[in-house]
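File shown: protein-v9.pdb. Contents: PDB, C-alpha atoms, pLDDT in the B column.
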ATOM      1  CA  ASP A   1     -30.523 -45.339  11.502  1.00 41.00           C
ATOM      2  CA  GLY A   2     -28.585 -45.761  14.726  1.00 43.00           C
ATOM      3  CA  PRO A   3     -24.986 -44.659  15.417  1.00 47.00           C
ATOM      4  CA  GLU A   4     -23.933 -44.854  11.777  1.00 45.00           C
ATOM      5  CA  GLY A   5     -26.619 -42.369  10.749  1.00 44.00           C
ATOM      6  CA  GLU A   6     -25.794 -40.066  13.627  1.00 45.00           C
ATOM      7  CA  ARG A   7     -22.173 -39.888  12.557  1.00 44.00           C
ATOM      8  CA  GLY A   8     -23.263 -39.135   9.011  1.00 48.00           C
ATOM      9  CA  PHE A   9     -25.337 -36.132  10.070  1.00 49.00           C
ATOM     10  CA  ASP A  10     -22.588 -34.869  12.347  1.00 47.00           C
ATOM     11  CA  ASN A  11     -20.175 -34.762   9.405  1.00 47.00           C
ATOM     12  CA  LEU A  12     -22.424 -32.974   6.934  1.00 46.00           C
ATOM     13  CA  ALA A  13     -20.678 -30.129   5.136  1.00 49.00           C
ATOM     14  CA  ALA A  14     -21.915 -26.563   5.294  1.00 52.00           C
ATOM     15  CA  GLY A  15     -24.744 -25.899   2.875  1.00 51.00           C
ATOM     16  CA  SER A  16     -28.416 -26.816   2.380  1.00 53.00           C
ATOM     17  CA  HIS A  17     -29.597 -30.330   3.216  1.00 54.00           C
ATOM     18  CA  CYS A  18     -32.947 -32.155   3.248  1.00 63.00           C
ATOM     19  CA  PHE A  19     -33.965 -35.235   5.266  1.00 60.00           C
ATOM     20  CA  TYR A  20     -36.723 -37.484   3.843  1.00 60.00           C
ATOM     21  CA  VAL A  21     -38.751 -40.143   5.713  1.00 63.00           C
ATOM     22  CA  TYR A  22     -41.118 -42.627   4.053  1.00 59.00           C
ATOM     23  CA  ALA A  23     -42.548 -46.076   4.752  1.00 67.00           C
ATOM     24  CA  THR A  24     -43.595 -49.100   2.683  1.00 71.00           C
ATOM     25  CA  ASP A  25     -46.144 -51.767   3.463  1.00 68.00           C
ATOM     26  CA  GLU A  26     -45.654 -55.532   3.057  1.00 69.00           C
ATOM     27  CA  ALA A  27     -46.606 -55.252  -0.607  1.00 72.00           C
ATOM     28  CA  GLY A  28     -43.922 -52.638  -1.240  1.00 65.00           C
ATOM     29  CA  ASN A  29     -46.309 -49.715  -1.586  1.00 72.00           C
ATOM     30  CA  VAL A  30     -44.711 -46.421  -0.563  1.00 66.00           C
ATOM     31  CA  GLY A  31     -46.686 -44.448   1.974  1.00 60.00           C
ATOM     32  CA  PRO A  32     -46.702 -40.654   2.612  1.00 66.00           C
ATOM     33  CA  THR A  33     -43.294 -39.006   2.603  1.00 65.00           C
ATOM     34  CA  THR A  34     -42.225 -36.334   5.066  1.00 64.00           C
ATOM     35  CA  SER A  35     -39.201 -34.114   4.766  1.00 61.00           C
ATOM     36  CA  GLU A  36     -37.286 -31.463   6.616  1.00 63.00           C
ATOM     37  CA  CYS A  37     -34.692 -29.160   5.098  1.00 61.00           C
ATOM     38  CA  TRP A  38     -32.118 -27.046   6.854  1.00 55.00           C
ATOM     39  CA  THR A  39     -28.921 -25.122   6.183  1.00 57.00           C
ATOM     40  CA  ILE A  40     -25.646 -25.760   7.956  1.00 61.00           C
ATOM     41  CA  ILE A  41     -23.620 -22.547   8.263  1.00 64.00           C
ATOM     42  CA  GLY A  42     -19.857 -22.769   8.187  1.00 80.00           C
ATOM     43  CA  THR A  43     -17.257 -20.471   9.703  1.00 93.00           C
ATOM     44  CA  PRO A  44     -16.440 -17.070   8.135  1.00 96.00           C
ATOM     45  CA  ALA A  45     -14.581 -17.476   4.850  1.00 96.00           C
ATOM     46  CA  ALA A  46     -15.059 -14.058   3.237  1.00 98.00           C
ATOM     47  CA  ILE A  47     -16.053 -10.492   4.045  1.00 98.00           C
ATOM     48  CA  ALA A  48     -17.189  -8.012   1.423  1.00 98.00           C
ATOM     49  CA  VAL A  49     -18.367  -4.418   1.125  1.00 98.00           C
ATOM     50  CA  SER A  50     -22.142  -4.203   1.038  1.00 98.00           C
ATOM     51  CA  THR A  51     -22.823  -0.436   1.134  1.00 98.00           C
ATOM     52  CA  GLY A  52     -21.166   2.769   2.341  1.00 98.00           C
ATOM     53  CA  SER A  53     -18.089   2.901   0.107  1.00 98.00           C
ATOM     54  CA  ASN A  54     -17.219   5.831  -2.202  1.00 98.00           C
ATOM     55  CA  GLN A  55     -18.711   8.486   0.102  1.00 98.00           C
ATOM     56  CA  SER A  56     -17.379  11.983   0.763  1.00 98.00           C
ATOM     57  CA  THR A  57     -18.171  14.646   3.332  1.00 98.00           C
ATOM     58  CA  SER A  58     -16.752  17.934   4.599  1.00 98.00           C
ATOM     59  CA  VAL A  59     -14.198  17.803   7.398  1.00 98.00           C
ATOM     60  CA  HIS A  60     -15.663  17.545  10.902  1.00 97.00           C
ATOM     61  CA  THR A  61     -19.050  16.352   9.620  1.00 97.00           C
ATOM     62  CA  ALA A  62     -20.714  12.926   9.542  1.00 96.00           C
ATOM     63  CA  PHE A  63     -20.865  10.768   6.444  1.00 97.00           C
ATOM     64  CA  ALA A  64     -24.400  10.239   5.164  1.00 97.00           C
ATOM     65  CA  ALA A  65     -24.432   6.453   5.592  1.00 97.00           C
ATOM     66  CA  PRO A  66     -22.770   3.877   7.849  1.00 96.00           C
ATOM     67  CA  LEU A  67     -20.355   1.280   6.508  1.00 97.00           C
ATOM     68  CA  VAL A  68     -21.970  -2.116   5.907  1.00 98.00           C
ATOM     69  CA  ALA A  69     -20.079  -5.375   5.327  1.00 98.00           C
ATOM     70  CA  LYS A  70     -21.310  -8.933   4.763  1.00 98.00           C
ATOM     71  CA  VAL A  71     -19.667 -12.088   6.119  1.00 98.00           C
ATOM     72  CA  THR A  72     -20.183 -15.429   4.345  1.00 97.00           C
ATOM     73  CA  ASP A  73     -18.946 -19.003   4.713  1.00 96.00           C
ATOM     74  CA  SER A  74     -17.164 -21.027   2.024  1.00 94.00           C
ATOM     75  CA  HIS A  75     -20.497 -21.813   0.335  1.00 93.00           C
ATOM     76  CA  GLY A  76     -21.670 -18.200   0.253  1.00 94.00           C
ATOM     77  CA  ASN A  77     -24.063 -18.581   3.181  1.00 95.00           C
ATOM     78  CA  PRO A  78     -24.367 -15.554   5.495  1.00 96.00           C
ATOM     79  CA  VAL A  79     -22.663 -16.053   8.862  1.00 97.00           C
ATOM     80  CA  ALA A  80     -24.479 -14.689  11.911  1.00 96.00           C
ATOM     81  CA  GLY A  81     -22.729 -13.765  15.158  1.00 95.00           C
ATOM     82  CA  ALA A  82     -19.335 -13.058  13.601  1.00 96.00           C
ATOM     83  CA  THR A  83     -17.268 -10.234  15.096  1.00 95.00           C
ATOM     84  CA  VAL A  84     -16.321  -7.554  12.573  1.00 95.00           C
ATOM     85  CA  THR A  85     -13.836  -4.757  13.276  1.00 94.00           C
ATOM     86  CA  PHE A  86     -14.049  -1.556  11.229  1.00 95.00           C
ATOM     87  CA  ALA A  87     -10.804   0.461  11.358  1.00 95.00           C
ATOM     88  CA  ALA A  88     -10.025   3.922   9.958  1.00 96.00           C
ATOM     89  CA  PRO A  89      -6.461   5.285   9.559  1.00 97.00           C
ATOM     90  CA  THR A  90      -4.815   6.454  12.781  1.00 94.00           C
ATOM     91  CA  SER A  91      -3.274   9.550  11.141  1.00 95.00           C
ATOM     92  CA  GLY A  92      -3.907  11.892   8.227  1.00 97.00           C
ATOM     93  CA  PRO A  93      -7.353  12.047   6.648  1.00 98.00           C
ATOM     94  CA  SER A  94      -9.551   9.718   8.681  1.00 97.00           C
ATOM     95  CA  GLY A  95     -12.743   9.473  10.687  1.00 96.00           C
ATOM     96  CA  SER A  96     -14.118   8.390  14.057  1.00 94.00           C
ATOM     97  CA  PHE A  97     -17.016   6.126  15.007  1.00 92.00           C
ATOM     98  CA  ALA A  98     -19.636   7.497  17.389  1.00 84.00           C
ATOM     99  CA  SER A  99     -21.441   5.352  19.946  1.00 78.00           C
ATOM    100  CA  CYS A 100     -19.864   2.124  18.759  1.00 78.00           C
ATOM    101  CA  PRO A 101     -19.921  -0.806  21.213  1.00 64.00           C
ATOM    102  CA  GLY A 102     -16.571  -0.874  22.922  1.00 54.00           C
ATOM    103  CA  GLY A 103     -15.550   2.432  21.318  1.00 52.00           C
ATOM    104  CA  ASN A 104     -15.876   6.111  22.111  1.00 55.00           C
ATOM    105  CA  PRO A 105     -16.767   9.280  20.141  1.00 56.00           C
ATOM    106  CA  THR A 106     -13.173   9.694  18.944  1.00 62.00           C
ATOM    107  CA  SER A 107     -12.355   6.046  18.276  1.00 89.00           C
ATOM    108  CA  THR A 108     -11.012   5.078  14.859  1.00 92.00           C
ATOM    109  CA  GLN A 109     -12.279   1.524  15.412  1.00 93.00           C
ATOM    110  CA  CYS A 110     -15.751   0.020  15.658  1.00 93.00           C
ATOM    111  CA  VAL A 111     -16.445  -3.598  16.641  1.00 93.00           C
ATOM    112  CA  VAL A 112     -19.871  -5.038  15.796  1.00 93.00           C
ATOM    113  CA  THR A 113     -21.520  -8.454  15.386  1.00 94.00           C
ATOM    114  CA  THR A 114     -23.171  -9.702  12.205  1.00 96.00           C
ATOM    115  CA  ASN A 115     -26.937 -10.207  12.195  1.00 96.00           C
ATOM    116  CA  ALA A 116     -28.878 -13.203  10.871  1.00 95.00           C
ATOM    117  CA  SER A 117     -28.158 -12.054   7.312  1.00 96.00           C
ATOM    118  CA  GLY A 118     -24.402 -11.910   7.934  1.00 97.00           C
ATOM    119  CA  ILE A 119     -24.517  -8.099   7.900  1.00 98.00           C
ATOM    120  CA  ALA A 120     -22.281  -5.921  10.089  1.00 96.00           C
ATOM    121  CA  THR A 121     -23.206  -2.228  10.239  1.00 96.00           C
ATOM    122  CA  SER A 122     -20.859   0.364  11.709  1.00 95.00           C
ATOM    123  CA  SER A 123     -22.033   3.268  13.812  1.00 93.00           C
ATOM    124  CA  VAL A 124     -22.016   6.758  12.276  1.00 92.00           C
ATOM    125  CA  ILE A 125     -18.554   7.735  11.016  1.00 95.00           C
ATOM    126  CA  THR A 126     -17.482  11.377  11.188  1.00 95.00           C
ATOM    127  CA  ALA A 127     -14.633  12.872   9.157  1.00 97.00           C
ATOM    128  CA  ASN A 128     -11.745  14.305  11.147  1.00 96.00           C
ATOM    129  CA  THR A 129     -10.394  17.797  10.484  1.00 97.00           C
ATOM    130  CA  THR A 130      -7.866  16.755   7.814  1.00 98.00           C
ATOM    131  CA  ALA A 131      -9.049  16.942   4.213  1.00 98.00           C
ATOM    132  CA  GLY A 132      -7.877  14.315   1.759  1.00 97.00           C
ATOM    133  CA  GLY A 133      -8.567  10.984   0.210  1.00 95.00           C
ATOM    134  CA  PRO A 134      -9.860   8.755  -0.898  1.00 97.00           C
ATOM    135  CA  TYR A 135      -8.583   6.795   2.080  1.00 98.00           C
ATOM    136  CA  THR A 136      -9.435   3.259   3.155  1.00 98.00           C
ATOM    137  CA  VAL A 137     -11.485   2.064   6.118  1.00 98.00           C
ATOM    138  CA  THR A 138     -11.117  -1.711   6.514  1.00 98.00           C
ATOM    139  CA  ALA A 139     -13.561  -4.275   7.873  1.00 97.00           C
ATOM    140  CA  ARG A 140     -12.003  -7.495   9.149  1.00 97.00           C
ATOM    141  CA  VAL A 141     -13.340 -10.745  10.584  1.00 97.00           C
ATOM    142  CA  SER A 142     -11.285 -13.345  12.423  1.00 90.00           C
ATOM    143  CA  GLY A 143     -10.047 -16.197  10.256  1.00 90.00           C
ATOM    144  CA  VAL A 144     -10.274 -14.257   6.986  1.00 97.00           C
ATOM    145  CA  SER A 145      -7.066 -12.677   5.708  1.00 95.00           C
ATOM    146  CA  ALA A 146      -8.521 -10.327   3.082  1.00 97.00           C
ATOM    147  CA  PRO A 147     -10.495  -7.388   4.529  1.00 98.00           C
ATOM    148  CA  ALA A 148     -13.389  -5.491   2.993  1.00 98.00           C
ATOM    149  CA  ASP A 149     -12.064  -2.082   1.933  1.00 98.00           C
ATOM    150  CA  PHE A 150     -14.277   1.009   2.031  1.00 98.00           C
ATOM    151  CA  SER A 151     -13.102   4.078   0.066  1.00 98.00           C
ATOM    152  CA  VAL A 152     -14.086   7.446   1.585  1.00 98.00           C
ATOM    153  CA  THR A 153     -12.962  11.073   1.220  1.00 98.00           C
ATOM    154  CA  ASN A 154     -12.817  14.111   3.516  1.00 98.00           C
ATOM    155  CA  THR A 155     -13.359  17.358   1.625  1.00 98.00           C
ATOM    156  CA  ALA A 156     -12.322  20.837   2.782  1.00 98.00           C
ATOM    157  CA  GLY A 157     -14.862  23.089   4.421  1.00 97.00           C
ATOM    158  CA  SER A 158     -15.846  26.574   3.286  1.00 96.00           C
ATOM    159  CA  ALA A 159     -13.136  29.213   2.863  1.00 96.00           C
ATOM    160  CA  ALA A 160     -12.519  30.913   6.200  1.00 96.00           C
ATOM    161  CA  THR A 161      -9.100  32.554   5.821  1.00 96.00           C
ATOM    162  CA  LEU A 162      -7.169  34.213   2.999  1.00 97.00           C
ATOM    163  CA  ALA A 163      -3.410  34.798   3.173  1.00 98.00           C
ATOM    164  CA  VAL A 164      -0.713  36.372   0.983  1.00 98.00           C
ATOM    165  CA  VAL A 165       1.593  33.740  -0.481  1.00 98.00           C
ATOM    166  CA  SER A 166       3.807  35.684  -2.893  1.00 98.00           C
ATOM    167  CA  GLY A 167       3.956  38.818  -5.049  1.00 98.00           C
ATOM    168  CA  SER A 168       4.047  41.364  -2.243  1.00 98.00           C
ATOM    169  CA  GLY A 169       6.963  43.807  -1.817  1.00 97.00           C
ATOM    170  CA  GLN A 170       7.675  44.119  -5.556  1.00 97.00           C
ATOM    171  CA  SER A 171       8.557  47.232  -7.510  1.00 98.00           C
ATOM    172  CA  ALA A 172       8.496  48.017 -11.221  1.00 98.00           C
ATOM    173  CA  THR A 173       9.228  51.038 -13.392  1.00 98.00           C
ATOM    174  CA  VAL A 174       6.094  52.972 -14.310  1.00 98.00           C
ATOM    175  CA  HIS A 175       4.242  51.569 -17.315  1.00 98.00           C
ATOM    176  CA  THR A 176       5.979  48.147 -17.085  1.00 98.00           C
ATOM    177  CA  ALA A 177       4.891  44.767 -15.745  1.00 98.00           C
ATOM    178  CA  PHE A 178       5.833  43.524 -12.304  1.00 98.00           C
ATOM    179  CA  GLY A 179       8.084  40.464 -12.293  1.00 98.00           C
ATOM    180  CA  ALA A 180       5.654  38.068 -10.597  1.00 98.00           C
ATOM    181  CA  PRO A 181       1.884  37.680 -10.273  1.00 98.00           C
ATOM    182  CA  LEU A 182       0.063  38.155  -6.960  1.00 98.00           C
ATOM    183  CA  VAL A 183      -0.757  34.873  -5.216  1.00 98.00           C
ATOM    184  CA  ALA A 184      -3.154  34.345  -2.307  1.00 98.00           C
ATOM    185  CA  LYS A 185      -4.209  31.145  -0.500  1.00 98.00           C
ATOM    186  CA  ALA A 186      -7.674  30.242   0.794  1.00 98.00           C
ATOM    187  CA  THR A 187      -8.060  27.773   3.685  1.00 97.00           C
ATOM    188  CA  ASP A 188     -10.938  26.470   5.775  1.00 97.00           C
ATOM    189  CA  THR A 189     -11.297  26.698   9.566  1.00 96.00           C
ATOM    190  CA  TYR A 190      -8.878  23.794  10.036  1.00 97.00           C
ATOM    191  CA  GLY A 191      -6.199  25.050   7.649  1.00 97.00           C
ATOM    192  CA  ASN A 192      -7.125  22.808   4.720  1.00 98.00           C
ATOM    193  CA  PRO A 193      -6.679  24.442   1.287  1.00 98.00           C
ATOM    194  CA  VAL A 194     -10.000  25.265  -0.376  1.00 97.00           C
ATOM    195  CA  SER A 195     -10.302  24.907  -4.131  1.00 97.00           C
ATOM    196  CA  GLY A 196     -12.804  26.469  -6.476  1.00 97.00           C
ATOM    197  CA  VAL A 197     -13.335  29.785  -4.693  1.00 97.00           C
ATOM    198  CA  THR A 198     -13.039  33.129  -6.464  1.00 97.00           C
ATOM    199  CA  VAL A 199     -10.501  35.658  -5.209  1.00 98.00           C
ATOM    200  CA  THR A 200     -10.908  39.284  -6.270  1.00 98.00           C
ATOM    201  CA  PHE A 201      -7.798  41.471  -6.605  1.00 98.00           C
ATOM    202  CA  ALA A 202      -8.361  45.246  -6.338  1.00 98.00           C
ATOM    203  CA  PRO A 203      -5.673  47.916  -6.921  1.00 98.00           C
ATOM    204  CA  PRO A 204      -6.293  51.570  -5.975  1.00 98.00           C
ATOM    205  CA  GLY A 205      -8.712  53.452  -8.199  1.00 96.00           C
ATOM    206  CA  SER A 206      -6.480  56.545  -8.485  1.00 97.00           C
ATOM    207  CA  GLY A 207      -2.896  57.720  -7.954  1.00 98.00           C
ATOM    208  CA  ALA A 208      -0.075  55.214  -8.025  1.00 98.00           C
ATOM    209  CA  SER A 209      -1.656  51.911  -9.065  1.00 98.00           C
ATOM    210  CA  GLY A 210      -1.660  49.290 -11.791  1.00 98.00           C
ATOM    211  CA  THR A 211      -3.789  47.167 -14.065  1.00 98.00           C
ATOM    212  CA  PHE A 212      -4.217  43.454 -14.677  1.00 98.00           C
ATOM    213  CA  ALA A 213      -3.733  42.005 -18.149  1.00 98.00           C
ATOM    214  CA  GLY A 214      -7.011  41.752 -19.979  1.00 97.00           C
ATOM    215  CA  SER A 215      -8.667  43.634 -17.119  1.00 97.00           C
ATOM    216  CA  VAL A 216      -9.049  40.274 -15.338  1.00 97.00           C
ATOM    217  CA  THR A 217      -9.274  41.030 -11.611  1.00 98.00           C
ATOM    218  CA  THR A 218     -10.361  37.609 -10.321  1.00 98.00           C
ATOM    219  CA  ALA A 219      -8.786  34.179 -10.055  1.00 98.00           C
ATOM    220  CA  VAL A 220     -10.148  30.816  -8.911  1.00 98.00           C
ATOM    221  CA  THR A 221      -8.213  28.804  -6.340  1.00 98.00           C
ATOM    222  CA  ASN A 222      -6.642  25.526  -7.487  1.00 98.00           C
ATOM    223  CA  ALA A 223      -6.418  22.200  -5.624  1.00 97.00           C
ATOM    224  CA  SER A 224      -3.793  23.733  -3.336  1.00 97.00           C
ATOM    225  CA  GLY A 225      -6.066  26.666  -2.484  1.00 98.00           C
ATOM    226  CA  LEU A 226      -3.920  29.079  -4.512  1.00 98.00           C
ATOM    227  CA  ALA A 227      -5.309  31.949  -6.583  1.00 98.00           C
ATOM    228  CA  THR A 228      -2.825  33.514  -9.012  1.00 98.00           C
ATOM    229  CA  SER A 229      -3.545  36.897 -10.555  1.00 98.00           C
ATOM    230  CA  ALA A 230      -3.108  37.856 -14.182  1.00 98.00           C
ATOM    231  CA  VAL A 231       0.079  39.786 -15.056  1.00 98.00           C
ATOM    232  CA  PHE A 232       0.038  43.076 -13.139  1.00 98.00           C
ATOM    233  CA  SER A 233       1.554  46.230 -14.642  1.00 98.00           C
ATOM    234  CA  ALA A 234       2.319  49.606 -13.030  1.00 98.00           C
ATOM    235  CA  ASN A 235       0.466  52.668 -14.270  1.00 98.00           C
ATOM    236  CA  THR A 236       2.273  55.932 -15.068  1.00 98.00           C
ATOM    237  CA  THR A 237       2.220  57.370 -11.530  1.00 98.00           C
ATOM    238  CA  ALA A 238       5.145  56.609  -9.205  1.00 98.00           C
ATOM    239  CA  GLY A 239       4.509  55.674  -5.564  1.00 97.00           C
ATOM    240  CA  SER A 240       3.827  52.866  -3.097  1.00 97.00           C
ATOM    241  CA  TYR A 241       0.361  51.322  -2.717  1.00 98.00           C
ATOM    242  CA  SER A 242      -1.516  48.175  -1.751  1.00 98.00           C
ATOM    243  CA  VAL A 243      -3.536  45.744  -3.846  1.00 98.00           C
ATOM    244  CA  SER A 244      -6.236  43.973  -1.836  1.00 98.00           C
ATOM    245  CA  ALA A 245      -7.404  40.359  -2.271  1.00 98.00           C
ATOM    246  CA  THR A 246     -10.751  39.184  -0.944  1.00 97.00           C
ATOM    247  CA  VAL A 247     -13.035  36.143  -0.866  1.00 95.00           C
ATOM    248  CA  ASN A 248     -16.633  36.424   0.242  1.00 89.00           C
ATOM    249  CA  GLY A 249     -16.932  35.447   3.884  1.00 83.00           C
ATOM    250  CA  THR A 250     -13.213  35.749   4.699  1.00 87.00           C
ATOM    251  CA  ASN A 251     -10.720  38.414   5.643  1.00 90.00           C
ATOM    252  CA  THR A 252      -9.092  40.838   3.188  1.00 94.00           C
ATOM    253  CA  VAL A 253      -5.343  40.696   2.626  1.00 96.00           C
ATOM    254  CA  THR A 254      -3.080  43.258   0.911  1.00 96.00           C
TER     255      THR A 254
END
For this file, write the structure as structure tokens.
Amino acid sequence: DGPEGERGFDNLAAGSHCFYVYATDEAGNVGPTTSECWTIIGTPAAIAVSTGSNQSTSVHTAFAAPLVAKVTDSHGNPVAGATVTFAAPTSGPSGSFASCPGGNPTSTQCVVTTNASGIATSSVITANTTAGGPYTVTARVSGVSAPADFSVTNTAGSAATLAVVSGSGQSATVHTAFGAPLVAKATDTYGNPVSGVTVTFAPPGSGASGTFAGSVTTAVTNASGLATSAVFSANTTAGSYSVSATVNGTNTVT
């Protein structure tokens, strides 16, 4: 009623409110009541991960889902129109946002505005060529100190190259073991070590040669992309020779 009422409505706190209007006659009888309810939205007070965290993808490929964060006020109401900045690391394992407003295909940042539900959705994020993780992509909104942290991982691609690491150039007396195993390394197109691939070691089938302990001629690469042979022993024929190492789809090394 008048200026006092106006000031009261102006100072309402964020949250849900209802306004009721009713009338009474001279006898004090209450007539029909009308009401109107509305929600007052405050400024951003928190930002949280909604979806998109804990994903992984091969290097140089897109993650399956965008990163989605939600902005709320101090009463938990969604805040529309808030500016959210998604930011990936600027070095090491990371990713870039494609077609993001204000960004470019190689940008590690993406700036978007929340919708009516307080939701901010990044554009597609693509892993860079460095395997590793999990690493953190943050989502920040002005006025809120704590970001929403998304955890994502870049995995190595398929094995593309095999290289000798150690064990070459050795010699041993016939019918004795060589001093060190044979070690090869598998990497993808971008030089990232590839784990879990099978390397096959093959000595000559006749003449000067050798055998692997237990007749085990294969080894699986570890997290560093390294495949280490079983103990290798010379046969009874003297001479120099090569032992090959191969992985399906890559080169052969000796």
Quick one: apply the PyMOL selection byres ((chain A and resi 45-60) around 7) to the file and drop the selected residues here as a PyMOL selection string.
chain A and resi 43-44+61-63+65-74+126-131+144+147-157
Please expand the PyMOL selection byres ((chain A and resi 140) around 6) into the concrete residues it hits in this file, giving the result as a PyMOL selection string.
chain A and resi 84-85+139+141+147
Create the file for the chosen residues now, containing C-alpha atoms and written as a PDB file, keeping the file's coordinate frame.
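File selection.pdb, as written:
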ATOM      1  CA  VAL A  84     -16.321  -7.554  12.573  1.00 95.00           C
ATOM      2  CA  THR A  85     -13.836  -4.757  13.276  1.00 94.00           C
ATOM      3  CA  ALA A 139     -13.561  -4.275   7.873  1.00 97.00           C
ATOM      4  CA  VAL A 141     -13.340 -10.745  10.584  1.00 97.00           C
ATOM      5  CA  PRO A 147     -10.495  -7.388   4.529  1.00 98.00           C
TER       6      PRO A 147
END
Kindly give the distance, in Å, that separates atom CA of Leu162 of chain A and atom CA of Val199 of chain A, rounded to a single decimal.
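So the two atoms, atom CA of Leu162 of chain A and atom CA of Val199 of chain A, lie 9.0 Å apart.
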Neighbouring residues of segment 212-226 of chain A were defined as those with any atom within 7 Å, considering all atoms listed in the file; residues of the same chain fewer than 4 positions away were excluded. Please report them as a PyMOL selection string.
chain A and resi 183-187+193-202+230-233
Applying the PyMOL selection byres ((chain A and resi 171-173) around 9) to the file I just gave you, which residues come out? Please list them as a CSV table (one decimal) with C-alpha atoms, in the coordinates of the input.
chain,number,residue,atom,x,y,z
A,169,GLY,CA,7.0,43.8,-1.8
A,170,GLN,CA,7.7,44.1,-5.6
A,174,VAL,CA,6.1,53.0,-14.3
A,175,HIS,CA,4.2,51.6,-17.3
A,176,THR,CA,6.0,48.1,-17.1
A,177,ALA,CA,4.9,44.8,-15.7
A,178,PHE,CA,5.8,43.5,-12.3
A,179,GLY,CA,8.1,40.5,-12.3
A,233,SER,CA,1.6,46.2,-14.6
A,234,ALA,CA,2.3,49.6,-13.0
A,235,ASN,CA,0.5,52.7,-14.3
A,236,THR,CA,2.3,55.9,-15.1
A,238,ALA,CA,5.1,56.6,-9.2
A,240,SER,CA,3.8,52.9,-3.1
Given all atoms listed in the file as the counted atoms, nearest of A:Val111, A:Ala227, A:Ala88, A:Ala27 to Pro134 of chain A:
A:Ala88
Would you pick out the contacts of Pro203 of chain A at 7 Å or less, using all atoms listed in the file, so that residues sharing its chain but fewer than 4 positions from it are not included, and give the list as a ChimeraX atom specification?
/A:209-210,242-244
How far is it from atom CA of Thr113 of chain A to atom CA of Ala82 of chain A, in Å with one decimal?
5.4 Å
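The residue that comes closest to Thr237 of chain A, out of A:Gly249, A:Pro204, A:Gly133, A:Gly167 and on the basis of all atoms listed in the file, is A:Pro204.
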Please report the interatomic distance between atom CA of Gly95 of chain A and atom CA of Val124 of chain A in Å with one decimal.
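Atom CA of Gly95 of chain A sits 9.8 Å away from atom CA of Val124 of chain A.
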Residue nearest Ala245 of chain A - candidates A:Thr189, A:Gly205, A:Val164, A:Ala80, atoms counted: only C-alpha atoms
A:Val164
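Nearest residue to Ser166 of chain A among A:Ala64, A:Pro89, A:Thr24, A:Val253 is A:Val253, counting all atoms listed in the file.
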Would you please work out which residue, of A:Ser122, A:Gly239, A:Ala180, A:Ser229, is nearest to Ala98 of chain A when using only C-alpha atoms?
A:Ser122
